[in-house]
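Asks: The structure that follows is given in the form of structure tokens.
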There are 2 protein chains.
Amino acid sequence: MIMAYIDVSMPIHPQMMVYKNKPEKKPIFIQDNKLELGQSCETIITMNVHTGTHMDFPLHMMIGGKTSTDFDPNELIRRVKVLTILNTDKILAEHLMGYDLQAGDFILLKTDNSLSDTFSFSFTYLTKEAAEYAVNKKLAGIGIDALGIERDQPNHPTHSILMAANIFILEGLRLQAVEQGEYEMIALPLSMNGCDGLPMRVMLQEVK
Amino acid sequence: MIMAYIDVSMPIHPQMMVYKNKPEKKPIFIQDNKLELGQSCETIITMNVHTGTHMDFPLHMMIGGKTSTDFDPNELIRRVKVLTILNTDKILAEHLMGYDLQAGDFILLKTDNSLSDTFSFSFTYLTKEAAEYAVNKKLAGIGIDALGIERDQPNHPTHSILMAANIFILEGLRLQAVEQGEYEMIALPLSMNGCDGLPMRVMLQEVK
């Protein structure tokens with residue numbers, strides 16, 4: 001008996017939560033239904049690649065930064081550690097110090113963001129000091145249950161610090177259904193080269 | 001040492017192969033680059049959900065058919081059998097009879113389609129007789145290396161027959177790098193409800 005994976009992806013739909021509630025960031029779905037004509041029904045979507053659950057590539061925040069080209073999806077089929085950090089709107093280096101993190105660890109941050117399906121302008125984010133700590137610890141990746149891994153820091157230092165160290169950034173996770181612990185993750189983005197971000201599906205299976 | 005998965009997904013880009021080379025089926029990428037303004041770079045994509053590697057839901061071909069709502073992605077994390085059927089533009093029931101297929105099997109059809117990255121109007125497809133055979137055999141799903149699982153059959157009987165039997169249909173696979181045999185498949189579509197199809201990433205790992 002194979003244990004089911006838990007889906008920690010955000011459903012994509014026209015009314016979904018988007019960054020800062022900007023209307024232009026809402027995905028658009030057009031259903032072209034020609035079934036009555038003996039033809040087919042096909043939906044056309046228009047969406048920002050940073051919609052819902054997605055990964056960032058350096059070009060998102062850095063001039064001349066790397067894109068999704070040459071990304072190997074095997075990188076995101078791996079063990080991860082879910083850390084639960086509640087009752088704060090800023091994740092500090094001190095929060096991460098409370099865990100036994102090893103070089104190569106990939107962490108997913110479960111915060112108060114997972115409690116709501118609406119965008120909060122005071123969402124919990126990862127501070128630049130915590131990003132520096134992650135670099136020093138040689139983490140492989142960080143995921144968070146917010147549409148952005150940072151807010152209100154001029155020049156996006158959390159992004160830049162992590163990207164410069166080739167630490168993967170996953171955003172828009174929905175972690176309400178998972179507890180702190182170790183999981184096998186399958187995180188597969190669509191196959192698109194040259195992009196600053198990629199929408200993805202993320203599944204977790206608890207490690208017993 | 002974990003063995004890598006083989007990516008059998010079709011890269012999505014503006015010049016990619018689309019069904020019948022219809023210009024309106026080509027995906028559109030708009031890169032909104034505001035990095036010079038101290039902001040970010042974000043790509044917006046417009047695409048038909050039946051672009052590249054994707055799955056079909058009954059609404060694609062049947063009035064009132066089921067959509068992606070309630071689809072459980074665990075269904076497509078499973079064992080599959082790749083069958084190599086070359087030198088024909090029609091897969092007949094007789095082709096499938098050559099294999100020891102069991103109830104619950106999920107098959108991926110590697111055909112001459114995998115030899116080319118351009119659309120062929122005479123692409124290899126699954127005939128309605130082969131679809132009926134699949135239903136009798138109680139297969140769980142069929143994937144094919146064509147953008148459609150059928151062509152030139154009035155009223156899309158291959159689709160209808162498979163859909164009526166709840167047999168999953170995966171299209172747009174790229175199987176040139178895999179040989180006939182058994183594989184563990186991870187096929188994850190984006191999380192979108194109410195759709196007639198879903199774009200996806202598909203990975204295969206050989207079973208030794």
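We label chains A, B, ... in the order they appear in the structure tokens, count residues from 1 in each chain, and number ligands from 1 in the order shown.
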I need the chain B residues near chain A as a PyMOL selection string; criterion: at most 8 Å, counting only C-alpha atoms.
Replies: chain B and resi 4-5+7+9-13+35-36+38-50+59-63+73-74+155+188-193+195-197+199-201
Asks: Quick one: residues within 7 Å of B:Tyr19, only C-alpha atoms counted, chain neighbours fewer than 3 positions away excluded, as a PyMOL selection string?
Replies: chain B and resi 22+119+147
Asks: Could you take the residues named above and write them with all heavy atoms, as a short mmCIF file (atom, residue, chain, number, x, y, z; two decimals), in the first residue's frame?
Replies:
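Written output follows (again-v8.cif):
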```
data_model
loop_
_atom_site.label_atom_id
_atom_site.label_comp_id
_atom_site.auth_asym_id
_atom_site.auth_seq_id
_atom_site.Cartn_x
_atom_site.Cartn_y
_atom_site.Cartn_z
N LYS B 22 -2.08 25.42 -35.73
CA LYS B 22 -2.94 26.60 -35.67
C LYS B 22 -2.26 27.73 -34.90
O LYS B 22 -1.89 27.55 -33.74
CB LYS B 22 -4.27 26.25 -34.98
CG LYS B 22 -5.12 25.29 -35.80
CD LYS B 22 -6.45 25.00 -35.10
CE LYS B 22 -7.30 24.06 -35.94
NZ LYS B 22 -8.56 23.68 -35.29
N PHE B 119 4.75 19.18 -35.98
CA PHE B 119 3.43 18.55 -36.05
C PHE B 119 3.25 17.86 -37.39
O PHE B 119 3.55 18.42 -38.45
CB PHE B 119 2.33 19.61 -35.86
CG PHE B 119 0.96 19.00 -35.89
CD1 PHE B 119 0.46 18.38 -34.75
CD2 PHE B 119 0.20 18.99 -37.04
CE1 PHE B 119 -0.78 17.78 -34.76
CE2 PHE B 119 -1.05 18.39 -37.07
CZ PHE B 119 -1.54 17.79 -35.93
N LEU B 147 -0.09 15.18 -29.82
CA LEU B 147 -0.87 16.24 -29.16
C LEU B 147 -2.34 15.87 -29.05
O LEU B 147 -3.09 16.50 -28.31
CB LEU B 147 -0.69 17.56 -29.89
CG LEU B 147 0.69 18.20 -29.67
CD1 LEU B 147 0.88 19.41 -30.58
CD2 LEU B 147 0.87 18.60 -28.21
#
```
Asks: Counting only C-alpha atoms, what is within 6 Å of B:Ala103, bar same-chain residues fewer than 2 positions away, as a list in words?
Replies: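 After dropping sequence-adjacent residues, the list is Asp105, Lys137, Lys138 and Leu139 of chain B.
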Asks: Any chance you could list, as a list of chain:residue names, the residues in stretch 66-104 of chain B that come up alpha helix (DSSP H) when DSSP is run on the backbone?
Replies: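 Answer for stretch 66-104 of chain B restricted to alpha helix (DSSP H) is B:Ala93, B:Glu94, B:His95, B:Leu96, B:Met97.
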Asks: At a cut-off of 9 Å, using only C-alpha atoms, what residues contact stretch 96-99 of chain B? Leave out same-chain residues fewer than 3 positions from it and give the result as an NGL selection string.
Replies: :B and (83 or 85 or 91-93 or 130 or 133-134)
Asks: Please return, as JSON, numbers by chain, all residues of stretch 99-153 of chain B that DSSP assigns to strand (DSSP E or B) on the basis of the backbone.
Replies: {"B": [106, 107, 108, 109, 110, 125, 126, 141, 142, 143, 144]}
